[in-house]
Amino acid sequence: MTKTVADINERIAKHEAVVMTAEEVIDYVAQEGFEKAARTVDVVTTGTFGTMCSSGMFMNIGHSKPRIKLGGGKTTLNDVPAYAGVAAVDLFLGAAAIPDDDPRNRIYPGEFRYGGGHVIEDLVAGKDIRLEATAYGTDCYPRKKLETWIRLDDLNSATLFNMRNGYQNYGVAVNASDKTIYTYMGVLKPNFGNANYSSAGALSPLLNDPDYRTIGIGTKVFLGGGIGYVAWHGTQHNPHVARLANDVPRGPSGTLALIGDLKQMSPRWLVGTSMLGYGPSLTVGVGVPIPILSDKILTHTLVTDADIVAPVIDYSSAQPQREPDTLGEVTYAELMSGHITLQGKEIPTSSLSSRSRAREIALTLKTWISEGSFLLTEPVAPLPGPDSEVGYHHLIERPTGDQA
């Protein structure tokens, strides 16, 4: 039985839509059968809450008196540098931005307790942020120095723009060397002392729509506690990864570029994060509704943790994403059991992604839709699929200068 987004939105507006989370729909089909579920279920909600470095915010601070042109000088927010080369008072702050090398801010070489992600969290929490800026001065922008306090409500606009969120599957990180290493996948103990992973598994958005039948450019989503949209495919989007029979990729594949109004968001769902020995980032809450438009789409939302495999990667290698370093595959059911077995050794596992928060996001999105306050959108264009030329490529280093 086929439906349309318009059909479902009409039911949402009348408070008649049947909405279930990605976990609930599995139980419903087991109890009531696939055919009844295909007729009955209108929307399946998903969620994920994990560290997503490729995130940031655009902001417009408004013109001072006299005016200042921030580009060409240096601008910091709580000592964290923001990029000012956009326009006079437009800034971009990346989640991974770090302050100057101040030993008071370091707890380990390469580690900063406070960075761009923390500034974003503080802004959303309503805190005052210290802005300091220098400029070279022009006839139309004569001011050369600005020091002031700003808060989110003071900004003309504040837009969360995340270049790569919601990875469709990811690798499991281990360390085969004889020393502890510090990575964006957390601290990895020597000699396969632990295994870290980062995915909400069966709740993860792109694992419930693996071939992008409903998620595309323009899809309306839960982002950081507010409303956001899929703006584009994310950086490193790679739909060409080999897939299982259920269409789930066997490793890191699709990604989403997301955009939304920061003034709608919450510090519960945008959390500044610091990884020991690596640096700052931002933990982001994302939830995507999947309209059940066909039997195939419903089938995809029935994926379980046991149906999803992830590659095990040795992060002590200089090139941890290359195929020779893949040590095998494990299911998310195994990962979430608390241990995996690799090369005959039992290894404890831990997640950098919160399953309980992902569940809360899916339930929140379910409530919004059920109450009629969140209508679905149809994509204006699809995400690039396996037949596209879009894919991930490693950097090709070429000689520069006199060697070129």
# chains A, B, ... in the order shown; residues from 1 in each chain; ligands from 1

call {"tool": "closest_atom_pairs", "arguments": {"of": "region 41-133 of chain A", "to": "region 295-315 of chain A", "cutoff": "12 Å", "atoms": "only C-alpha atoms", "output": "Markdown table"}}
result
| residue | atom | partner | partner_atom | distance |
| --- | --- | --- | --- | --- |
| A:Val41 | CA | A:Leu298 | CA | 8.6 |
| A:Asp42 | CA | A:Leu298 | CA | 9.6 |
| A:Val43 | CA | A:Leu298 | CA | 9.3 |
| A:Val44 | CA | A:Thr301 | CA | 7.3 |
| A:Thr45 | CA | A:Thr301 | CA | 9.2 |
| A:Thr46 | CA | A:Thr301 | CA | 9.1 |

call {"tool": "closest_atom_pairs", "arguments": {"of": "region 292-388 of chain A", "to": "region 161-182 of chain A", "cutoff": "12 Å", "atoms": "only C-alpha atoms", "output": "JSON lines"}}
result
{"residue": "A:Asp305", "atom": "CA", "partner": "A:Asn169", "partner_atom": "CA", "distance": 11.4}
{"residue": "A:Asp307", "atom": "CA", "partner": "A:Asn169", "partner_atom": "CA", "distance": 12.0}
{"residue": "A:Ile308", "atom": "CA", "partner": "A:Asn169", "partner_atom": "CA", "distance": 8.3}
{"residue": "A:Val309", "atom": "CA", "partner": "A:Asn169", "partner_atom": "CA", "distance": 8.3}
{"residue": "A:Ala310", "atom": "CA", "partner": "A:Gly171", "partner_atom": "CA", "distance": 5.6}
{"residue": "A:Pro311", "atom": "CA", "partner": "A:Gly171", "partner_atom": "CA", "distance": 5.1}
{"residue": "A:Val312", "atom": "CA", "partner": "A:Val172", "partner_atom": "CA", "distance": 4.6}
{"residue": "A:Ile313", "atom": "CA", "partner": "A:Ala173", "partner_atom": "CA", "distance": 5.2}
{"residue": "A:Asp314", "atom": "CA", "partner": "A:Val174", "partner_atom": "CA", "distance": 5.1}
{"residue": "A:Tyr315", "atom": "CA", "partner": "A:Asn175", "partner_atom": "CA", "distance": 5.6}
{"residue": "A:Ser316", "atom": "CA", "partner": "A:Asn175", "partner_atom": "CA", "distance": 5.4}
{"residue": "A:Ser317", "atom": "CA", "partner": "A:Ala176", "partner_atom": "CA", "distance": 8.4}
{"residue": "A:Ala318", "atom": "CA", "partner": "A:Ser177", "partner_atom": "CA", "distance": 11.5}
{"residue": "A:Pro320", "atom": "CA", "partner": "A:Ala173", "partner_atom": "CA", "distance": 9.0}
{"residue": "A:Gln321", "atom": "CA", "partner": "A:Gly171", "partner_atom": "CA", "distance": 8.5}
{"residue": "A:Arg322", "atom": "CA", "partner": "A:Gly171", "partner_atom": "CA", "distance": 11.3}
{"residue": "A:Glu323", "atom": "CA", "partner": "A:Gly171", "partner_atom": "CA", "distance": 11.5}
{"residue": "A:Asp325", "atom": "CA", "partner": "A:Ala176", "partner_atom": "CA", "distance": 10.2}
{"residue": "A:Thr326", "atom": "CA", "partner": "A:Gly171", "partner_atom": "CA", "distance": 9.0}
{"residue": "A:Leu327", "atom": "CA", "partner": "A:Val174", "partner_atom": "CA", "distance": 9.4}
{"residue": "A:Gly328", "atom": "CA", "partner": "A:Val172", "partner_atom": "CA", "distance": 9.8}
{"residue": "A:Glu329", "atom": "CA", "partner": "A:Val172", "partner_atom": "CA", "distance": 8.7}
{"residue": "A:Val330", "atom": "CA", "partner": "A:Val172", "partner_atom": "CA", "distance": 8.5}
{"residue": "A:Thr331", "atom": "CA", "partner": "A:Val172", "partner_atom": "CA", "distance": 10.2}
{"residue": "A:Tyr332", "atom": "CA", "partner": "A:Val172", "partner_atom": "CA", "distance": 9.9}
{"residue": "A:Glu334", "atom": "CA", "partner": "A:Val172", "partner_atom": "CA", "distance": 11.6}
{"residue": "A:Leu335", "atom": "CA", "partner": "A:Val172", "partner_atom": "CA", "distance": 8.9}
{"residue": "A:Met336", "atom": "CA", "partner": "A:Val172", "partner_atom": "CA", "distance": 11.9}
{"residue": "A:His339", "atom": "CA", "partner": "A:Val172", "partner_atom": "CA", "distance": 12.0}
{"residue": "A:Ile340", "atom": "CA", "partner": "A:Val172", "partner_atom": "CA", "distance": 10.6}
{"residue": "A:Thr341", "atom": "CA", "partner": "A:Val174", "partner_atom": "CA", "distance": 12.0}
{"residue": "A:Leu342", "atom": "CA", "partner": "A:Val174", "partner_atom": "CA", "distance": 10.0}
{"residue": "A:Gln343", "atom": "CA", "partner": "A:Ala176", "partner_atom": "CA", "distance": 11.1}
{"residue": "A:Ile347", "atom": "CA", "partner": "A:Val174", "partner_atom": "CA", "distance": 9.3}
{"residue": "A:Pro348", "atom": "CA", "partner": "A:Val174", "partner_atom": "CA", "distance": 10.4}
{"residue": "A:Thr349", "atom": "CA", "partner": "A:Val172", "partner_atom": "CA", "distance": 9.2}
{"residue": "A:Ser350", "atom": "CA", "partner": "A:Val172", "partner_atom": "CA", "distance": 9.9}
{"residue": "A:Ser351", "atom": "CA", "partner": "A:Val172", "partner_atom": "CA", "distance": 9.5}
{"residue": "A:Leu352", "atom": "CA", "partner": "A:Val172", "partner_atom": "CA", "distance": 10.6}
{"residue": "A:Ser353", "atom": "CA", "partner": "A:Gly166", "partner_atom": "CA", "distance": 10.9}
{"residue": "A:Ala358", "atom": "CA", "partner": "A:Gly166", "partner_atom": "CA", "distance": 11.5}

call {"tool": "write_last_selection", "arguments": {"atoms": "N, CA and C atoms", "output": "CSV table (one decimal), in the first residue's frame"}}
result
chain,number,residue,atom,x,y,z
A,305,ASP,N,19.9,-4.0,15.6
A,305,ASP,CA,21.3,-3.9,15.8
A,305,ASP,C,22.1,-5.2,15.3
A,307,ASP,N,21.4,-6.6,12.6
A,307,ASP,CA,21.4,-6.6,11.2
A,307,ASP,C,22.5,-5.6,10.6
A,308,ILE,N,23.2,-4.9,11.5
A,308,ILE,CA,24.1,-3.8,11.1
A,308,ILE,C,25.5,-4.3,11.5
A,309,VAL,N,26.4,-4.3,10.5
A,309,VAL,CA,27.8,-4.6,10.8
A,309,VAL,C,28.7,-3.4,10.7
A,310,ALA,N,29.8,-3.3,11.4
A,310,ALA,CA,30.7,-2.2,11.3
A,310,ALA,C,32.1,-2.8,11.2
A,311,PRO,N,33.0,-2.1,10.5
A,311,PRO,CA,34.4,-2.6,10.4
A,311,PRO,C,35.2,-2.2,11.6
A,312,VAL,N,36.1,-3.1,12.0
A,312,VAL,CA,37.0,-2.8,13.1
A,312,VAL,C,38.3,-2.3,12.5
A,313,ILE,N,38.7,-1.1,13.0
A,313,ILE,CA,39.8,-0.4,12.4
A,313,ILE,C,40.9,-0.2,13.5
A,314,ASP,N,42.2,-0.4,13.1
A,314,ASP,CA,43.3,-0.2,14.0
A,314,ASP,C,43.7,1.3,13.8
A,315,TYR,N,43.4,2.1,14.9
A,315,TYR,CA,43.8,3.5,14.8
A,315,TYR,C,45.2,3.8,15.2
A,316,SER,N,46.0,2.8,15.5
A,316,SER,CA,47.4,3.0,15.7
A,316,SER,C,48.1,3.1,14.3
A,317,SER,N,47.5,2.7,13.3
A,317,SER,CA,48.0,2.9,11.9
A,317,SER,C,48.1,4.3,11.5
A,318,ALA,N,49.0,4.7,10.7
A,318,ALA,CA,49.1,6.1,10.2
A,318,ALA,C,47.9,6.4,9.3
A,320,PRO,N,44.3,5.1,9.2
A,320,PRO,CA,43.4,4.1,9.8
A,320,PRO,C,42.1,3.8,9.0
A,321,GLN,N,41.9,4.6,7.9
A,321,GLN,CA,40.7,4.3,7.1
A,321,GLN,C,41.0,3.5,5.9
A,322,ARG,N,42.2,3.1,5.7
A,322,ARG,CA,42.5,2.3,4.6
A,322,ARG,C,42.2,0.8,4.7
A,323,GLU,N,41.8,0.2,3.7
A,323,GLU,CA,41.3,-1.2,3.7
A,323,GLU,C,42.2,-2.2,4.4
A,325,ASP,N,43.8,-2.0,7.0
A,325,ASP,CA,43.8,-2.0,8.4
A,325,ASP,C,42.5,-2.4,9.0
A,326,THR,N,41.5,-2.9,8.2
A,326,THR,CA,40.3,-3.4,8.6
A,326,THR,C,40.5,-4.8,9.2
A,327,LEU,N,40.2,-5.0,10.5
A,327,LEU,CA,40.5,-6.3,11.2
A,327,LEU,C,39.4,-7.2,11.2
A,328,GLY,N,38.2,-6.8,10.6
A,328,GLY,CA,37.1,-7.7,10.6
A,328,GLY,C,35.8,-6.9,10.8
A,329,GLU,N,34.7,-7.6,11.0
A,329,GLU,CA,33.4,-6.9,11.2
A,329,GLU,C,32.7,-7.4,12.4
A,330,VAL,N,32.0,-6.5,13.1
A,330,VAL,CA,31.2,-6.9,14.2
A,330,VAL,C,29.8,-6.3,14.1
A,331,THR,N,28.8,-6.9,14.7
A,331,THR,CA,27.5,-6.3,14.7
A,331,THR,C,27.3,-5.3,15.8
A,332,TYR,N,26.3,-4.4,15.7
A,332,TYR,CA,26.0,-3.5,16.8
A,332,TYR,C,25.4,-4.2,18.0
A,334,GLU,N,26.6,-7.0,19.1
A,334,GLU,CA,27.8,-7.4,19.8
A,334,GLU,C,28.4,-6.2,20.5
A,335,LEU,N,28.5,-5.1,19.8
A,335,LEU,CA,29.1,-3.9,20.4
A,335,LEU,C,28.3,-3.5,21.6
A,336,MET,N,27.0,-3.5,21.6
A,336,MET,CA,26.2,-3.0,22.7
A,336,MET,C,26.0,-4.0,23.8
A,339,HIS,N,31.0,-6.2,24.9
A,339,HIS,CA,32.3,-6.7,24.5
A,339,HIS,C,32.2,-7.4,23.2
A,340,ILE,N,33.4,-7.4,22.5
A,340,ILE,CA,33.5,-8.2,21.2
A,340,ILE,C,34.6,-9.1,21.3
A,341,THR,N,34.7,-10.1,20.4
A,341,THR,CA,35.8,-11.0,20.4
A,341,THR,C,36.6,-10.7,19.1
A,342,LEU,N,37.9,-10.4,19.2
A,342,LEU,CA,38.7,-10.1,18.1
A,342,LEU,C,40.0,-10.8,18.2
A,343,GLN,N,40.4,-11.6,17.2
A,343,GLN,CA,41.6,-12.4,17.2
A,343,GLN,C,41.7,-13.2,18.4
A,347,ILE,N,37.2,-8.2,24.1
A,347,ILE,CA,37.6,-6.8,24.3
A,347,ILE,C,36.4,-6.0,24.7
A,348,PRO,N,36.5,-5.2,25.8
A,348,PRO,CA,35.4,-4.4,26.3
A,348,PRO,C,35.1,-3.3,25.3
A,349,THR,N,33.8,-2.9,25.2
A,349,THR,CA,33.4,-1.9,24.2
A,349,THR,C,32.7,-0.7,25.0
A,350,SER,N,32.8,0.4,24.4
A,350,SER,CA,32.1,1.6,24.9
A,350,SER,C,31.7,2.5,23.7
A,351,SER,N,30.6,3.3,23.9
A,351,SER,CA,30.1,4.1,22.8
A,351,SER,C,30.3,5.6,23.1
A,352,LEU,N,30.6,6.3,22.0
A,352,LEU,CA,30.7,7.7,22.1
A,352,LEU,C,29.4,8.4,21.7
A,353,SER,N,28.4,7.6,21.4
A,353,SER,CA,27.1,8.0,21.0
A,353,SER,C,26.1,7.5,22.1
A,358,ALA,N,19.5,9.2,22.0
A,358,ALA,CA,18.9,9.0,20.7
A,358,ALA,C,17.5,8.5,20.8

call {"tool": "select_by_dssp", "arguments": {"residues": "region 73-281 of chain A", "states": "helix (DSSP H, G or I)", "output": "PDB file with N, CA, C and O atoms, in the first residue's frame"}}
result
ATOM      1  N   PRO A 103      48.853  27.431  28.171  1.00  0.00           N
ATOM      2  CA  PRO A 103      49.049  26.239  29.033  1.00  0.00           C
ATOM      3  C   PRO A 103      47.990  26.091  30.114  1.00  0.00           C
ATOM      4  O   PRO A 103      47.709  24.977  30.562  1.00  0.00           O
ATOM      5  N   ARG A 104      47.377  27.196  30.528  1.00  0.00           N
ATOM      6  CA  ARG A 104      46.352  27.107  31.571  1.00  0.00           C
ATOM      7  C   ARG A 104      45.117  26.363  31.081  1.00  0.00           C
ATOM      8  O   ARG A 104      44.297  25.907  31.875  1.00  0.00           O
ATOM      9  N   ASN A 105      44.954  26.251  29.771  1.00  0.00           N
ATOM     10  CA  ASN A 105      43.763  25.632  29.200  1.00  0.00           C
ATOM     11  C   ASN A 105      44.013  24.186  28.777  1.00  0.00           C
ATOM     12  O   ASN A 105      43.164  23.555  28.179  1.00  0.00           O
ATOM     13  N   GLY A 116      35.409  25.783  20.248  1.00  0.00           N
ATOM     14  CA  GLY A 116      34.253  26.305  19.530  1.00  0.00           C
ATOM     15  C   GLY A 116      32.938  25.665  19.929  1.00  0.00           C
ATOM     16  O   GLY A 116      31.911  26.341  20.061  1.00  0.00           O
ATOM     17  N   GLY A 117      32.944  24.351  20.129  1.00  0.00           N
ATOM     18  CA  GLY A 117      31.716  23.670  20.525  1.00  0.00           C
ATOM     19  C   GLY A 117      31.194  24.162  21.864  1.00  0.00           C
ATOM     20  O   GLY A 117      29.980  24.259  22.080  1.00  0.00           O
ATOM     21  N   HIS A 118      32.106  24.498  22.773  1.00  0.00           N
ATOM     22  CA  HIS A 118      31.696  24.995  24.081  1.00  0.00           C
ATOM     23  C   HIS A 118      31.111  26.406  23.978  1.00  0.00           C
ATOM     24  O   HIS A 118      30.169  26.751  24.697  1.00  0.00           O
ATOM     25  N   VAL A 119      31.666  27.229  23.084  1.00  0.00           N
ATOM     26  CA  VAL A 119      31.104  28.566  22.860  1.00  0.00           C
ATOM     27  C   VAL A 119      29.668  28.454  22.346  1.00  0.00           C
ATOM     28  O   VAL A 119      28.769  29.171  22.801  1.00  0.00           O
ATOM     29  N   ILE A 120      29.455  27.526  21.421  1.00  0.00           N
ATOM     30  CA  ILE A 120      28.104  27.326  20.882  1.00  0.00           C
ATOM     31  C   ILE A 120      27.154  26.896  21.991  1.00  0.00           C
ATOM     32  O   ILE A 120      26.038  27.420  22.119  1.00  0.00           O
ATOM     33  N   GLU A 121      27.580  25.950  22.818  1.00  0.00           N
ATOM     34  CA  GLU A 121      26.734  25.519  23.939  1.00  0.00           C
ATOM     35  C   GLU A 121      26.433  26.687  24.876  1.00  0.00           C
ATOM     36  O   GLU A 121      25.289  26.873  25.322  1.00  0.00           O
ATOM     37  N   ASP A 122      27.448  27.489  25.195  1.00  0.00           N
ATOM     38  CA  ASP A 122      27.250  28.617  26.108  1.00  0.00           C
ATOM     39  C   ASP A 122      26.295  29.652  25.526  1.00  0.00           C
ATOM     40  O   ASP A 122      25.462  30.223  26.242  1.00  0.00           O
ATOM     41  N   LEU A 123      26.401  29.902  24.227  1.00  0.00           N
ATOM     42  CA  LEU A 123      25.465  30.829  23.589  1.00  0.00           C
ATOM     43  C   LEU A 123      24.034  30.323  23.708  1.00  0.00           C
ATOM     44  O   LEU A 123      23.120  31.060  24.088  1.00  0.00           O
ATOM     45  N   VAL A 124      23.830  29.043  23.387  1.00  0.00           N
ATOM     46  CA  VAL A 124      22.488  28.465  23.440  1.00  0.00           C
ATOM     47  C   VAL A 124      21.961  28.462  24.876  1.00  0.00           C
ATOM     48  O   VAL A 124      20.753  28.598  25.107  1.00  0.00           O
ATOM     49  N   LEU A 152      23.188  35.325  22.783  1.00  0.00           N
ATOM     50  CA  LEU A 152      22.454  34.839  21.616  1.00  0.00           C
ATOM     51  C   LEU A 152      21.313  35.781  21.229  1.00  0.00           C
ATOM     52  O   LEU A 152      21.101  36.063  20.042  1.00  0.00           O
ATOM     53  N   ASP A 153      20.579  36.292  22.207  1.00  0.00           N
ATOM     54  CA  ASP A 153      19.449  37.166  21.908  1.00  0.00           C
ATOM     55  C   ASP A 153      19.882  38.472  21.251  1.00  0.00           C
ATOM     56  O   ASP A 153      19.072  39.135  20.586  1.00  0.00           O
ATOM     57  N   ASP A 154      21.145  38.885  21.436  1.00  0.00           N
ATOM     58  CA  ASP A 154      21.636  40.133  20.861  1.00  0.00           C
ATOM     59  C   ASP A 154      21.946  40.010  19.369  1.00  0.00           C
ATOM     60  O   ASP A 154      22.038  41.027  18.670  1.00  0.00           O
ATOM     61  N   GLY A 201      23.059   2.889  16.138  1.00  0.00           N
ATOM     62  CA  GLY A 201      22.636   1.591  15.639  1.00  0.00           C
ATOM     63  C   GLY A 201      21.274   1.621  14.985  1.00  0.00           C
ATOM     64  O   GLY A 201      21.027   2.402  14.056  1.00  0.00           O
ATOM     65  N   ALA A 202      20.372   0.795  15.464  1.00  0.00           N
ATOM     66  CA  ALA A 202      19.050   0.647  14.840  1.00  0.00           C
ATOM     67  C   ALA A 202      18.197   1.907  14.933  1.00  0.00           C
ATOM     68  O   ALA A 202      17.160   1.995  14.269  1.00  0.00           O
ATOM     69  N   LEU A 203      18.607   2.886  15.735  1.00  0.00           N
ATOM     70  CA  LEU A 203      17.882   4.154  15.816  1.00  0.00           C
ATOM     71  C   LEU A 203      18.449   5.210  14.868  1.00  0.00           C
ATOM     72  O   LEU A 203      17.839   6.256  14.664  1.00  0.00           O
ATOM     73  N   PRO A 205      19.411   7.589  11.905  1.00  0.00           N
ATOM     74  CA  PRO A 205      18.566   7.987  10.770  1.00  0.00           C
ATOM     75  C   PRO A 205      18.895   7.316   9.446  1.00  0.00           C
ATOM     76  O   PRO A 205      18.024   6.679   8.830  1.00  0.00           O
ATOM     77  N   LEU A 206      20.134   7.427   8.973  1.00  0.00           N
ATOM     78  CA  LEU A 206      20.447   6.916   7.640  1.00  0.00           C
ATOM     79  C   LEU A 206      20.536   5.394   7.583  1.00  0.00           C
ATOM     80  O   LEU A 206      20.524   4.815   6.499  1.00  0.00           O
ATOM     81  N   LEU A 207      20.588   4.734   8.728  1.00  0.00           N
ATOM     82  CA  LEU A 207      20.533   3.274   8.721  1.00  0.00           C
ATOM     83  C   LEU A 207      19.094   2.778   8.607  1.00  0.00           C
ATOM     84  O   LEU A 207      18.857   1.610   8.308  1.00  0.00           O
ATOM     85  N   LEU A 262      19.789  28.619  15.406  1.00  0.00           N
ATOM     86  CA  LEU A 262      20.367  28.316  16.715  1.00  0.00           C
ATOM     87  C   LEU A 262      19.501  28.848  17.850  1.00  0.00           C
ATOM     88  O   LEU A 262      19.507  28.306  18.958  1.00  0.00           O
ATOM     89  N   LYS A 263      18.740  29.904  17.587  1.00  0.00           N
ATOM     90  CA  LYS A 263      17.930  30.516  18.644  1.00  0.00           C
ATOM     91  C   LYS A 263      16.774  29.613  19.080  1.00  0.00           C
ATOM     92  O   LYS A 263      16.153  29.874  20.111  1.00  0.00           O
ATOM     93  N   GLN A 264      16.479  28.566  18.311  1.00  0.00           N
ATOM     94  CA  GLN A 264      15.452  27.601  18.704  1.00  0.00           C
ATOM     95  C   GLN A 264      16.023  26.451  19.533  1.00  0.00           C
ATOM     96  O   GLN A 264      15.274  25.638  20.067  1.00  0.00           O
TER      97      GLN A 264
END

call {"tool": "closest_atom_pairs", "arguments": {"of": "region 252-344 of chain A", "to": "region 78-100 of chain A", "cutoff": "6 Å", "atoms": "only C-alpha atoms", "output": "CSV"}}
result
residue,atom,partner,partner_atom,distance
A:Pro280,CA,A:Ala96,CA,5.1
A:Ser281,CA,A:Ala96,CA,4.8
A:Leu282,CA,A:Ala95,CA,5.6

call {"tool": "closest_residue", "arguments": {"among": "A:Asp261, A:Tyr392, A:Lys220, A:Val284", "to": "Phe58 (chain A)", "atoms": "only C-alpha atoms"}}
result
A:Asp261

call {"tool": "atom_distance", "arguments": {"atom1": "CA of Leu258 (chain A)", "atom2": "CA of Val5 (chain A)"}}
result
20.9 Å

call {"tool": "select_by_dssp", "arguments": {"residues": "region 26-77 of chain A", "states": "strand (DSSP E or B)", "output": "ChimeraX atom specification"}}
result
/A:43-45,48-51,56-60,68,74-77

call {"tool": "closest_residue", "arguments": {"among": "A:Asp209, A:Gly285, A:Ser54, A:Ala257", "to": "Ser356 (chain A)", "atoms": "only C-alpha atoms"}}
result
A:Gly285

call {"tool": "atom_distance", "arguments": {"atom1": "CA of Cys140 (chain A)", "atom2": "CA of Leu77 (chain A)"}}
result
24.3 Å

call {"tool": "residues_around", "arguments": {"residues": "region 373-387 of chain A", "least_positions_apart": "4", "cutoff": "10 Å", "atoms": "only C-alpha atoms", "output": "PyMOL selection string"}}
result
chain A and resi 4-6+8-13+15+43+210-222+227+229-230+232-234+237-242+254-256+288-291+365-369+391

call {"tool": "closest_residue", "arguments": {"among": "A:Ser337, A:Ser55, A:Thr75, A:Ser199", "to": "Arg357 (chain A)", "atoms": "only C-alpha atoms"}}
result
A:Ser199

call {"tool": "residues_around", "arguments": {"residues": "Tyr141 (chain A)", "least_positions_apart": "2", "cutoff": "6 Å", "atoms": "only C-alpha atoms", "output": "PyMOL selection string"}}
result
chain A and resi 67-69+137-139+143

call {"tool": "write_last_selection", "arguments": {"atoms": "C-alpha atoms", "output": "PDB file, in the first residue's frame"}}
result
ATOM      1  CA  ARG A  67      31.532  50.591  12.358  1.00  0.00           C
ATOM      2  CA  ILE A  68      34.225  47.929  12.213  1.00  0.00           C
ATOM      3  CA  LYS A  69      35.186  45.475   9.468  1.00  0.00           C
ATOM      4  CA  GLY A 137      40.267  50.232   9.478  1.00  0.00           C
ATOM      5  CA  THR A 138      38.838  51.697   6.294  1.00  0.00           C
ATOM      6  CA  ASP A 139      37.031  54.922   5.375  1.00  0.00           C
ATOM      7  CA  ARG A 143      37.043  51.302  13.963  1.00  0.00           C
TER       8      ARG A 143
END
